[in-house]
>>> print(open('coords27.csv').read())   # CSV, N, CA and C atoms
chain,number,residue,atom,x,y,z
A,181,MET,N,34.8,274.7,40.4
A,181,MET,CA,35.9,274.6,39.4
A,181,MET,C,35.2,274.6,38.1
A,182,SER,N,35.7,275.4,37.2
A,182,SER,CA,35.1,275.5,35.9
A,182,SER,C,35.5,274.3,35.0
A,183,VAL,N,34.7,274.1,34.0
A,183,VAL,CA,34.9,273.0,33.0
A,183,VAL,C,36.2,273.2,32.3
A,184,SER,N,36.6,274.5,32.0
A,184,SER,CA,37.8,274.8,31.2
A,184,SER,C,39.0,274.3,31.9
A,185,LEU,N,39.0,274.0,33.2
A,185,LEU,CA,40.2,273.5,33.9
A,185,LEU,C,40.5,272.1,33.4
A,186,TYR,N,39.6,271.4,32.8
A,186,TYR,CA,39.8,270.1,32.3
A,186,TYR,C,40.2,270.0,30.8
A,187,SER,N,40.2,271.1,30.2
A,187,SER,CA,40.5,271.1,28.7
A,187,SER,C,42.0,271.0,28.5
A,188,VAL,N,42.4,270.4,27.4
A,188,VAL,CA,43.7,270.2,27.0
A,188,VAL,C,44.4,271.6,26.7
A,189,LYS,N,43.6,272.5,26.1
A,189,LYS,CA,44.2,273.8,25.7
A,189,LYS,C,44.6,274.5,27.0
A,190,PHE,N,43.7,274.5,28.0
A,190,PHE,CA,44.0,275.2,29.2
A,190,PHE,C,45.2,274.6,29.9
A,191,ALA,N,45.3,273.3,30.0
A,191,ALA,CA,46.5,272.6,30.6
A,191,ALA,C,47.8,273.0,29.9
A,192,ARG,N,47.7,273.0,28.6
A,192,ARG,CA,48.9,273.4,27.8
A,192,ARG,C,49.3,274.8,28.1
A,193,THR,N,48.3,275.7,28.2
A,193,THR,CA,48.6,277.1,28.5
A,193,THR,C,49.3,277.2,29.9
A,194,VAL,N,48.8,276.5,30.9
A,194,VAL,CA,49.4,276.6,32.2
A,194,VAL,C,50.9,276.0,32.2
A,195,LEU,N,51.0,274.9,31.5
A,195,LEU,CA,52.4,274.3,31.4
A,195,LEU,C,53.3,275.2,30.6
A,196,LEU,N,52.8,275.9,29.6
A,196,LEU,CA,53.7,276.8,28.9
A,196,LEU,C,54.1,278.0,29.7
A,197,LEU,N,53.2,278.5,30.5
A,197,LEU,CA,53.5,279.6,31.5
A,197,LEU,C,54.5,279.1,32.5
A,198,GLN,N,54.4,277.9,33.0
A,198,GLN,CA,55.4,277.4,33.9
A,198,GLN,C,56.8,277.3,33.3
A,199,LEU,N,56.8,276.8,32.0
A,199,LEU,CA,58.0,276.6,31.3
A,199,LEU,C,58.7,278.0,31.1
A,200,VAL,N,58.0,279.0,30.7
A,200,VAL,CA,58.5,280.3,30.5
A,200,VAL,C,59.0,280.9,31.8
A,201,THR,N,58.3,280.6,32.9
A,201,THR,CA,58.7,281.1,34.2
A,201,THR,C,60.1,280.6,34.6
A,202,PHE,N,60.3,279.3,34.5
A,202,PHE,CA,61.6,278.9,35.0
A,202,PHE,C,62.7,279.1,34.0
A,203,VAL,N,62.4,279.2,32.7
A,203,VAL,CA,63.5,279.5,31.8
A,203,VAL,C,63.9,281.0,32.0
A,204,VAL,N,63.0,281.9,32.2
A,204,VAL,CA,63.3,283.3,32.4
A,204,VAL,C,64.1,283.4,33.7
A,205,ILE,N,63.6,282.8,34.8
A,205,ILE,CA,64.3,282.8,36.1
A,205,ILE,C,65.7,282.2,35.9
A,206,GLY,N,65.9,281.1,35.2
A,206,GLY,CA,67.2,280.5,34.9
A,206,GLY,C,68.1,281.5,34.2
A,207,LEU,N,67.6,282.2,33.2
A,207,LEU,CA,68.4,283.1,32.5
A,207,LEU,C,68.8,284.3,33.3
A,208,LEU,N,67.9,284.8,34.2
A,208,LEU,CA,68.3,285.9,35.1
A,208,LEU,C,69.4,285.4,36.1
A,209,PHE,N,69.2,284.2,36.6
A,209,PHE,CA,70.3,283.7,37.5
A,209,PHE,C,71.6,283.5,36.8
A,210,ALA,N,71.5,283.1,35.5
A,210,ALA,CA,72.7,282.8,34.7
A,210,ALA,C,73.5,284.1,34.5
A,211,LEU,N,72.9,285.3,34.7
A,211,LEU,CA,73.6,286.5,34.6
A,211,LEU,C,74.6,286.7,35.8
A,212,LYS,N,74.3,286.1,36.9
A,212,LYS,CA,75.1,286.1,38.0
A,212,LYS,C,76.2,285.1,37.9
A,213,ASP,N,75.8,283.8,37.6
A,213,ASP,CA,76.8,282.7,37.4
A,213,ASP,C,76.1,281.6,36.7
A,214,VAL,N,76.8,280.9,35.9
A,214,VAL,CA,76.2,279.8,35.1
A,214,VAL,C,75.7,278.7,36.0
A,215,THR,N,76.4,278.4,37.1
A,215,THR,CA,76.0,277.4,38.0
A,215,THR,C,74.6,277.8,38.6
A,216,TRP,N,74.4,279.1,38.9
A,216,TRP,CA,73.2,279.5,39.5
A,216,TRP,C,72.1,279.4,38.5
A,217,GLY,N,72.4,279.7,37.2
A,217,GLY,CA,71.4,279.5,36.2
A,217,GLY,C,71.0,278.1,36.0
A,218,ALA,N,71.9,277.2,36.0
A,218,ALA,CA,71.7,275.8,35.8
A,218,ALA,C,70.9,275.3,37.0
A,219,SER,N,71.2,275.8,38.2
A,219,SER,CA,70.5,275.4,39.4
A,219,SER,C,69.0,275.8,39.3
A,220,ALA,N,68.8,277.0,38.8
A,220,ALA,CA,67.4,277.5,38.7
A,220,ALA,C,66.6,276.7,37.6
A,221,ILE,N,67.3,276.3,36.6
A,221,ILE,CA,66.6,275.5,35.5
A,221,ILE,C,66.3,274.1,36.2
A,222,ALA,N,67.2,273.6,36.9
A,222,ALA,CA,67.0,272.3,37.6
A,222,ALA,C,65.8,272.3,38.6
A,223,GLY,N,65.7,273.4,39.3
A,223,GLY,CA,64.6,273.6,40.2
A,223,GLY,C,63.3,273.7,39.5
A,224,GLY,N,63.3,274.5,38.4
A,224,GLY,CA,62.1,274.6,37.6
A,224,GLY,C,61.7,273.3,37.0
A,225,LEU,N,62.6,272.5,36.5
A,225,LEU,CA,62.3,271.2,35.9
A,225,LEU,C,61.8,270.2,37.0
A,226,ALA,N,62.3,270.4,38.2
A,226,ALA,CA,61.8,269.5,39.3
A,226,ALA,C,60.3,269.7,39.6
A,227,ALA,N,59.8,270.9,39.3
A,227,ALA,CA,58.4,271.2,39.5
A,227,ALA,C,57.6,271.0,38.2
A,228,TRP,N,58.2,271.2,37.1
A,228,TRP,CA,57.5,271.2,35.8
A,228,TRP,C,57.3,269.8,35.2
A,229,LEU,N,58.4,269.0,35.2
A,229,LEU,CA,58.3,267.7,34.6
A,229,LEU,C,57.3,266.8,35.3
A,230,PRO,N,57.2,266.7,36.6
A,230,PRO,CA,56.1,265.9,37.2
A,230,PRO,C,54.7,266.4,36.8
A,231,SER,N,54.6,267.7,36.6
A,231,SER,CA,53.3,268.2,36.1
A,231,SER,C,53.0,267.8,34.7
A,232,VAL,N,54.0,267.8,33.9
A,232,VAL,CA,53.8,267.3,32.5
A,232,VAL,C,53.4,265.8,32.5
A,233,PHE,N,54.1,265.0,33.3
A,233,PHE,CA,53.8,263.6,33.3
A,233,PHE,C,52.4,263.4,33.9
A,234,PHE,N,52.0,264.2,34.9
A,234,PHE,CA,50.6,264.1,35.4
A,234,PHE,C,49.6,264.4,34.4
A,235,MET,N,49.9,265.5,33.6
A,235,MET,CA,48.9,265.9,32.5
A,235,MET,C,48.8,264.8,31.4
A,236,ILE,N,49.9,264.2,31.1
A,236,ILE,CA,49.9,263.1,30.1
A,236,ILE,C,49.1,262.0,30.6
A,237,LEU,N,49.3,261.6,31.9
A,237,LEU,CA,48.5,260.5,32.5
A,237,LEU,C,47.0,260.9,32.5
A,238,ALA,N,46.7,262.1,32.8
A,238,ALA,CA,45.3,262.6,32.9
A,238,ALA,C,44.7,262.6,31.5
A,239,TRP,N,45.4,263.0,30.5
A,239,TRP,CA,44.9,263.0,29.1
A,239,TRP,C,44.6,261.6,28.6
A,240,ARG,N,45.6,260.7,29.0
A,240,ARG,CA,45.4,259.3,28.5
A,240,ARG,C,44.2,258.7,29.2
A,241,LEU,N,44.0,258.9,30.5
A,241,LEU,CA,42.8,258.3,31.2
A,241,LEU,C,41.6,259.1,30.8
A,242,GLY,N,41.7,260.3,30.4
A,242,GLY,CA,40.5,261.1,30.0
A,242,GLY,C,39.8,260.5,28.8
A,243,ALA,N,40.5,259.8,27.9
A,243,ALA,CA,39.9,259.3,26.7
A,243,ALA,C,39.0,258.1,27.0
A,244,GLN,N,39.3,257.4,28.1
A,244,GLN,CA,38.5,256.3,28.5
A,244,GLN,C,37.3,256.7,29.3
A,245,THR,N,36.3,255.8,29.4
A,245,THR,CA,35.2,256.0,30.3
A,245,THR,C,35.4,255.3,31.5
A,246,PRO,N,35.9,256.0,32.6
A,246,PRO,CA,36.3,255.3,33.8
A,246,PRO,C,35.2,254.7,34.6
A,247,ALA,N,35.5,253.6,35.3
A,247,ALA,CA,34.5,253.0,36.2
A,247,ALA,C,34.3,254.0,37.4
A,248,LYS,N,33.2,253.8,38.1
A,248,LYS,CA,32.8,254.7,39.2
A,248,LYS,C,33.9,254.5,40.3
A,249,GLY,N,34.4,255.7,40.8
A,249,GLY,CA,35.5,255.7,41.8
A,249,GLY,C,36.9,255.6,41.2
A,250,ARG,N,37.0,255.2,40.0
A,250,ARG,CA,38.4,255.1,39.4
A,250,ARG,C,39.0,256.4,39.2
A,251,VAL,N,38.3,257.4,38.9
A,251,VAL,CA,38.8,258.8,38.6
A,251,VAL,C,39.5,259.3,39.9
A,252,ALA,N,38.9,259.1,41.0
A,252,ALA,CA,39.5,259.6,42.3
A,252,ALA,C,40.8,258.8,42.6
A,253,TRP,N,40.8,257.5,42.4
A,253,TRP,CA,42.0,256.7,42.7
A,253,TRP,C,43.1,257.1,41.7
A,254,SER,N,42.7,257.3,40.4
A,254,SER,CA,43.7,257.6,39.4
A,254,SER,C,44.4,259.0,39.8
A,255,PHE,N,43.5,259.9,40.2
A,255,PHE,CA,44.0,261.3,40.6
A,255,PHE,C,44.9,261.2,41.8
A,256,ALA,N,44.5,260.4,42.8
A,256,ALA,CA,45.3,260.3,44.0
A,256,ALA,C,46.7,259.6,43.7
A,257,LEU,N,46.6,258.5,42.9
A,257,LEU,CA,47.9,257.9,42.5
A,257,LEU,C,48.8,258.8,41.7
A,258,GLY,N,48.2,259.6,40.8
A,258,GLY,CA,49.0,260.5,40.0
A,258,GLY,C,49.6,261.6,40.8
A,259,GLU,N,48.9,262.1,41.8
A,259,GLU,CA,49.5,263.1,42.7
A,259,GLU,C,50.6,262.5,43.6
A,260,VAL,N,50.4,261.3,44.1
A,260,VAL,CA,51.5,260.6,44.9
A,260,VAL,C,52.7,260.4,44.0
A,261,LEU,N,52.6,260.0,42.8
A,261,LEU,CA,53.7,259.8,41.9
A,261,LEU,C,54.3,261.1,41.5
A,262,LYS,N,53.5,262.2,41.4
A,262,LYS,CA,54.0,263.5,41.1
A,262,LYS,C,54.9,264.0,42.3
A,263,VAL,N,54.5,263.8,43.5
A,263,VAL,CA,55.2,264.2,44.7
A,263,VAL,C,56.5,263.5,44.8
A,264,PHE,N,56.5,262.2,44.6
A,264,PHE,CA,57.7,261.4,44.6
A,264,PHE,C,58.7,261.7,43.5
A,265,ALA,N,58.2,262.0,42.3
A,265,ALA,CA,59.0,262.4,41.2
A,265,ALA,C,59.7,263.8,41.5
A,266,THR,N,59.0,264.7,42.1
A,266,THR,CA,59.5,266.0,42.5
A,266,THR,C,60.6,265.8,43.5
A,267,ILE,N,60.4,265.0,44.5
A,267,ILE,CA,61.4,264.8,45.6
A,267,ILE,C,62.6,264.2,45.0
A,268,ILE,N,62.5,263.2,44.1
A,268,ILE,CA,63.6,262.5,43.5
A,268,ILE,C,64.4,263.5,42.6
A,269,LEU,N,63.7,264.3,41.8
A,269,LEU,CA,64.4,265.3,41.0
A,269,LEU,C,65.2,266.3,41.8
A,270,LEU,N,64.6,266.7,42.9
A,270,LEU,CA,65.3,267.7,43.8
A,270,LEU,C,66.5,267.1,44.5
A,271,ILE,N,66.4,265.8,44.9
A,271,ILE,CA,67.5,265.1,45.5
A,271,ILE,C,68.6,265.0,44.5
A,272,VAL,N,68.3,264.6,43.2
A,272,VAL,CA,69.3,264.4,42.2
A,272,VAL,C,70.0,265.8,41.9
A,273,ALA,N,69.2,266.8,41.8
A,273,ALA,CA,69.8,268.1,41.5
A,273,ALA,C,70.7,268.6,42.6
A,274,LEU,N,70.3,268.5,43.8
A,274,LEU,CA,71.1,268.9,45.0
A,274,LEU,C,72.2,268.0,45.3
A,275,GLY,N,72.0,266.7,45.3
A,275,GLY,CA,73.0,265.8,45.7
A,275,GLY,C,73.9,265.3,44.6
A,276,LEU,N,73.4,265.0,43.5
A,276,LEU,CA,74.2,264.4,42.4
A,276,LEU,C,74.9,265.5,41.6
A,277,PHE,N,74.2,266.6,41.3
A,277,PHE,CA,74.8,267.6,40.5
A,277,PHE,C,75.3,268.8,41.3
A,278,GLY,N,75.1,268.9,42.6
A,278,GLY,CA,75.6,269.9,43.4
A,278,GLY,C,75.0,271.3,43.1
A,279,ALA,N,73.7,271.4,42.8
A,279,ALA,CA,73.0,272.6,42.5
A,279,ALA,C,73.0,273.6,43.7
A,280,VAL,N,73.0,274.8,43.4
A,280,VAL,CA,72.9,275.9,44.5
A,280,VAL,C,71.5,275.9,45.0
A,281,PHE,N,71.3,275.9,46.3
A,281,PHE,CA,70.0,275.8,46.8
A,281,PHE,C,69.1,277.0,46.5
A,282,LEU,N,69.6,278.2,46.7
A,282,LEU,CA,68.8,279.4,46.5
A,282,LEU,C,68.1,279.5,45.2
A,283,PRO,N,68.8,279.5,44.1
A,283,PRO,CA,68.1,279.6,42.8
A,283,PRO,C,67.2,278.4,42.5
A,284,LEU,N,67.7,277.2,42.9
A,284,LEU,CA,66.9,276.0,42.7
A,284,LEU,C,65.5,276.1,43.5
A,285,GLY,N,65.6,276.6,44.7
A,285,GLY,CA,64.4,276.7,45.5
A,285,GLY,C,63.5,277.8,45.0
A,286,LEU,N,64.1,278.9,44.6
A,286,LEU,CA,63.2,280.0,44.1
A,286,LEU,C,62.5,279.7,42.8
A,287,ALA,N,63.3,279.0,41.9
A,287,ALA,CA,62.6,278.6,40.6
A,287,ALA,C,61.6,277.5,40.8
A,288,TRP,N,61.8,276.6,41.7
A,288,TRP,CA,60.8,275.6,42.1
A,288,TRP,C,59.6,276.2,42.6
A,289,LEU,N,59.8,277.1,43.6
A,289,LEU,CA,58.6,277.8,44.2
A,289,LEU,C,57.9,278.7,43.2
A,290,SER,N,58.6,279.3,42.3
A,290,SER,CA,57.9,280.2,41.3
A,290,SER,C,57.1,279.3,40.4
A,291,VAL,N,57.5,278.2,40.0
A,291,VAL,CA,56.7,277.3,39.1
A,291,VAL,C,55.5,276.9,39.8
A,292,LEU,N,55.6,276.6,41.1
A,292,LEU,CA,54.4,276.2,41.9
A,292,LEU,C,53.4,277.3,42.1
A,293,VAL,N,53.9,278.5,42.2
A,293,VAL,CA,53.1,279.7,42.4
A,293,VAL,C,52.3,279.9,41.1
A,294,VAL,N,53.0,279.8,39.9
A,294,VAL,CA,52.3,279.9,38.6
A,294,VAL,C,51.3,278.9,38.5
A,295,GLN,N,51.5,277.6,38.9
A,295,GLN,CA,50.5,276.6,38.9
A,295,GLN,C,49.3,276.9,39.7
A,296,ILE,N,49.4,277.6,40.8
A,296,ILE,CA,48.3,277.9,41.6
A,296,ILE,C,47.6,279.2,41.1
A,297,LEU,N,48.3,280.2,40.7
A,297,LEU,CA,47.7,281.5,40.3
A,297,LEU,C,47.2,281.5,38.8
A,298,ALA,N,47.8,280.7,37.9
A,298,ALA,CA,47.5,280.8,36.5
A,298,ALA,C,46.0,280.5,36.3
A,299,PRO,N,45.4,279.4,36.9
A,299,PRO,CA,44.0,279.2,36.6
A,299,PRO,C,43.1,280.3,37.1
A,300,ALA,N,43.4,281.0,38.2
A,300,ALA,CA,42.6,282.1,38.6
A,300,ALA,C,42.7,283.3,37.7
A,301,VAL,N,43.9,283.5,37.2
A,301,VAL,CA,44.1,284.7,36.3
A,301,VAL,C,43.5,284.4,34.9
A,302,ILE,N,43.7,283.2,34.4
A,302,ILE,CA,43.1,282.8,33.1
A,302,ILE,C,41.6,282.8,33.1
A,303,ASN,N,41.0,282.2,34.1
A,303,ASN,CA,39.6,282.1,34.2
A,303,ASN,C,38.9,283.2,34.9
A,304,ASN,N,39.6,284.4,35.1
A,304,ASN,CA,38.9,285.5,35.7
A,304,ASN,C,37.9,286.1,34.8
A,305,LYS,N,36.7,285.9,35.1
A,305,LYS,CA,35.6,286.3,34.2
A,305,LYS,C,34.7,287.4,34.9
A,306,GLY,N,35.2,287.8,36.1
A,306,GLY,CA,34.5,288.9,36.8
A,306,GLY,C,33.7,288.5,37.9
>>> encode(input="coords27.csv", output="structure tokens")
Amino acid sequence: MSVSLYSVKFARTVLLLQLVTFVVIGLLFALKDVTWGASAIAGGLAAWLPSVFFMILAWRLGAQTPAKGRVAWSFALGEVLKVFATIILLIVALGLFGAVFLPLGLAWLSVLVVQILAPAVINNKG
């Protein structure tokens, strides 16, 4: 893993790409129906917001000099909180707001794919 994966600029770029991804998908689904567009936005937010909170936590802890082993525990705790936040946001979108599953799921999955592929594309140095 390259050092640039830990930079603030790189993380902002990935988060911006994710934001653009689910907004575009939401707009495309909104052409079919406003409910579908809102569902796609909710699905994108369910994947994007936990990533934003995780990055804020990582930047806050990155300013400190952590004790040995604390980085791994902080990362693990952050990932667990990220998964729980995603589950809660998806439950709220589907159960409370009655979002349509197809656009919600596609937008959520698209944001996750961007999260996986963006580092490889951005750091492709040959």
>>> atom_distance(input="coords27.csv", atom1="CA of Leu241 (chain A)", atom2="CA of Gly224 (chain A)")
26.1 Å
>>> closest_residue(input="coords27.csv", among="A:Ala256, A:Val203, A:Leu195, A:Leu237", to="Ile221 (chain A)", atoms="all atoms listed in the file")
A:Val203
>>> select_by_dssp(input="coords27.csv", residues="chain A", states="alpha helix (DSSP H)", output="MDAnalysis selection string")
chainID A and resid 188:212 214:242 250:271 281:302
>>> closest_residue(input="coords27.csv", among="A:Phe277, A:Phe202, A:Phe255, A:Phe190", to="Thr215 (chain A)", atoms="only C-alpha atoms")
A:Phe277
>>> atom_distance(input="coords27.csv", atom1="CA of Lys262 (chain A)", atom2="atom C of Asn304 (chain A)")
28.5 Å
>>> atom_distance(input="coords27.csv", atom1="atom N of Ile236 (chain A)", atom2="CA of Ser219 (chain A)")
24.9 Å
>>> residues_around(input="coords27.csv", residues="Met235 (chain A)", least_positions_apart="3", cutoff="9 Å", atoms="only C-alpha atoms", output="list in words")
Val188, Ala191, Arg192, Pro230, Ser231, Val232, Ala238, Trp239 and Arg240 of chain A
>>> residues_around(input="coords27.csv", residues="Ser290 (chain A)", least_positions_apart="5", cutoff="8 Å", atoms="all atoms listed in the file", output="compact mmCIF listing (two decimals) with N, CA and C atoms, keeping the file's coordinate frame")
# COMPACT_ATOMS: atom_id res chain seq x y z
N GLN A 198 54.40 277.90 33.00
CA GLN A 198 55.40 277.40 33.90
C GLN A 198 56.80 277.30 33.30
N THR A 201 58.30 280.60 32.90
CA THR A 201 58.70 281.10 34.20
C THR A 201 60.10 280.60 34.60
N PHE A 202 60.30 279.30 34.50
CA PHE A 202 61.60 278.90 35.00
C PHE A 202 62.70 279.10 34.00
N GLY A 223 65.70 273.40 39.30
CA GLY A 223 64.60 273.60 40.20
C GLY A 223 63.30 273.70 39.50
N GLY A 224 63.30 274.50 38.40
CA GLY A 224 62.10 274.60 37.60
C GLY A 224 61.70 273.30 37.00
N LEU A 284 67.70 277.20 42.90
CA LEU A 284 66.90 276.00 42.70
C LEU A 284 65.50 276.10 43.50
N GLY A 285 65.60 276.60 44.70
CA GLY A 285 64.40 276.70 45.50
C GLY A 285 63.50 277.80 45.00
N GLN A 295 51.50 277.60 38.90
CA GLN A 295 50.50 276.60 38.90
C GLN A 295 49.30 276.90 39.70
N ILE A 296 49.40 277.60 40.80
CA ILE A 296 48.30 277.90 41.60
C ILE A 296 47.60 279.20 41.10
>>> closest_residue(input="coords27.csv", among="A:Ala227, A:Leu208, A:Val200, A:Val194", to="Ala273 (chain A)", atoms="only C-alpha atoms")
A:Ala227
>>> residues_around(input="coords27.csv", residues="Ala265 (chain A)", least_positions_apart="4", cutoff="12 Å", atoms="only C-alpha atoms", output="list of chain:residue names")
A:Leu225, A:Ala226, A:Ala227, A:Trp228, A:Leu229, A:Pro230, A:Ser231, A:Val232, A:Phe233, A:Phe234, A:Gly258, A:Glu259, A:Val260, A:Leu261, A:Leu269, A:Leu270, A:Ile271, A:Val272
>>> residues_around(input="coords27.csv", residues="Phe209 (chain A)", least_positions_apart="6", cutoff="6.5 Å", atoms="all atoms listed in the file", output="ChimeraX atom specification")
/A:216-218
>>> build_atoms(input="coords27.csv", residues="region 202-211 of chain A", atoms="all heavy atoms", output="compact mmCIF listing (two decimals), in the coordinates of the input")
# COMPACT_ATOMS: atom_id res chain seq x y z
N PHE A 202 60.30 279.30 34.50
CA PHE A 202 61.60 278.90 35.00
C PHE A 202 62.70 279.10 34.00
O PHE A 202 63.85 279.22 34.44
CB PHE A 202 61.51 277.42 35.55
CG PHE A 202 61.53 276.33 34.53
CD1 PHE A 202 62.72 275.91 33.96
CD2 PHE A 202 60.37 275.67 34.18
CE1 PHE A 202 62.75 274.86 33.06
CE2 PHE A 202 60.38 274.63 33.29
CZ PHE A 202 61.57 274.23 32.71
N VAL A 203 62.40 279.20 32.70
CA VAL A 203 63.50 279.50 31.80
C VAL A 203 63.90 281.00 32.00
O VAL A 203 65.12 281.28 32.01
CB VAL A 203 62.99 279.29 30.34
CG1 VAL A 203 63.95 279.91 29.34
CG2 VAL A 203 62.85 277.80 30.08
N VAL A 204 63.00 281.90 32.20
CA VAL A 204 63.30 283.30 32.40
C VAL A 204 64.10 283.40 33.70
O VAL A 204 65.11 284.14 33.81
CB VAL A 204 62.05 284.19 32.43
CG1 VAL A 204 62.35 285.58 32.98
CG2 VAL A 204 61.47 284.29 31.03
N ILE A 205 63.60 282.80 34.80
CA ILE A 205 64.30 282.80 36.10
C ILE A 205 65.70 282.20 35.90
O ILE A 205 66.72 282.76 36.45
CB ILE A 205 63.53 282.10 37.16
CG1 ILE A 205 62.28 282.92 37.48
CG2 ILE A 205 64.36 281.89 38.42
CD1 ILE A 205 61.31 282.23 38.39
N GLY A 206 65.90 281.10 35.20
CA GLY A 206 67.20 280.50 34.90
C GLY A 206 68.10 281.50 34.20
O GLY A 206 69.29 281.58 34.51
N LEU A 207 67.60 282.20 33.20
CA LEU A 207 68.40 283.10 32.50
C LEU A 207 68.80 284.30 33.30
O LEU A 207 69.96 284.78 33.24
CB LEU A 207 67.64 283.63 31.23
CG LEU A 207 67.43 282.60 30.11
CD1 LEU A 207 66.55 283.18 29.02
CD2 LEU A 207 68.75 282.14 29.54
N LEU A 208 67.90 284.80 34.20
CA LEU A 208 68.30 285.90 35.10
C LEU A 208 69.40 285.40 36.10
O LEU A 208 70.29 286.20 36.37
CB LEU A 208 67.03 286.37 35.83
CG LEU A 208 66.02 287.12 34.97
CD1 LEU A 208 64.77 287.46 35.79
CD2 LEU A 208 66.64 288.38 34.39
N PHE A 209 69.20 284.20 36.60
CA PHE A 209 70.30 283.70 37.50
C PHE A 209 71.60 283.50 36.80
O PHE A 209 72.65 283.54 37.39
CB PHE A 209 69.79 282.50 38.29
CG PHE A 209 69.01 282.80 39.53
CD1 PHE A 209 67.68 282.44 39.64
CD2 PHE A 209 69.61 283.45 40.60
CE1 PHE A 209 66.96 282.72 40.79
CE2 PHE A 209 68.90 283.72 41.77
CZ PHE A 209 67.57 283.36 41.86
N ALA A 210 71.50 283.10 35.50
CA ALA A 210 72.70 282.80 34.70
C ALA A 210 73.50 284.10 34.50
O ALA A 210 74.73 284.03 34.29
CB ALA A 210 72.35 282.22 33.40
N LEU A 211 72.90 285.30 34.70
CA LEU A 211 73.60 286.50 34.60
C LEU A 211 74.60 286.70 35.80
O LEU A 211 75.67 287.26 35.61
CB LEU A 211 72.69 287.72 34.54
CG LEU A 211 71.79 287.84 33.31
CD1 LEU A 211 70.81 288.99 33.49
CD2 LEU A 211 72.62 288.00 32.06
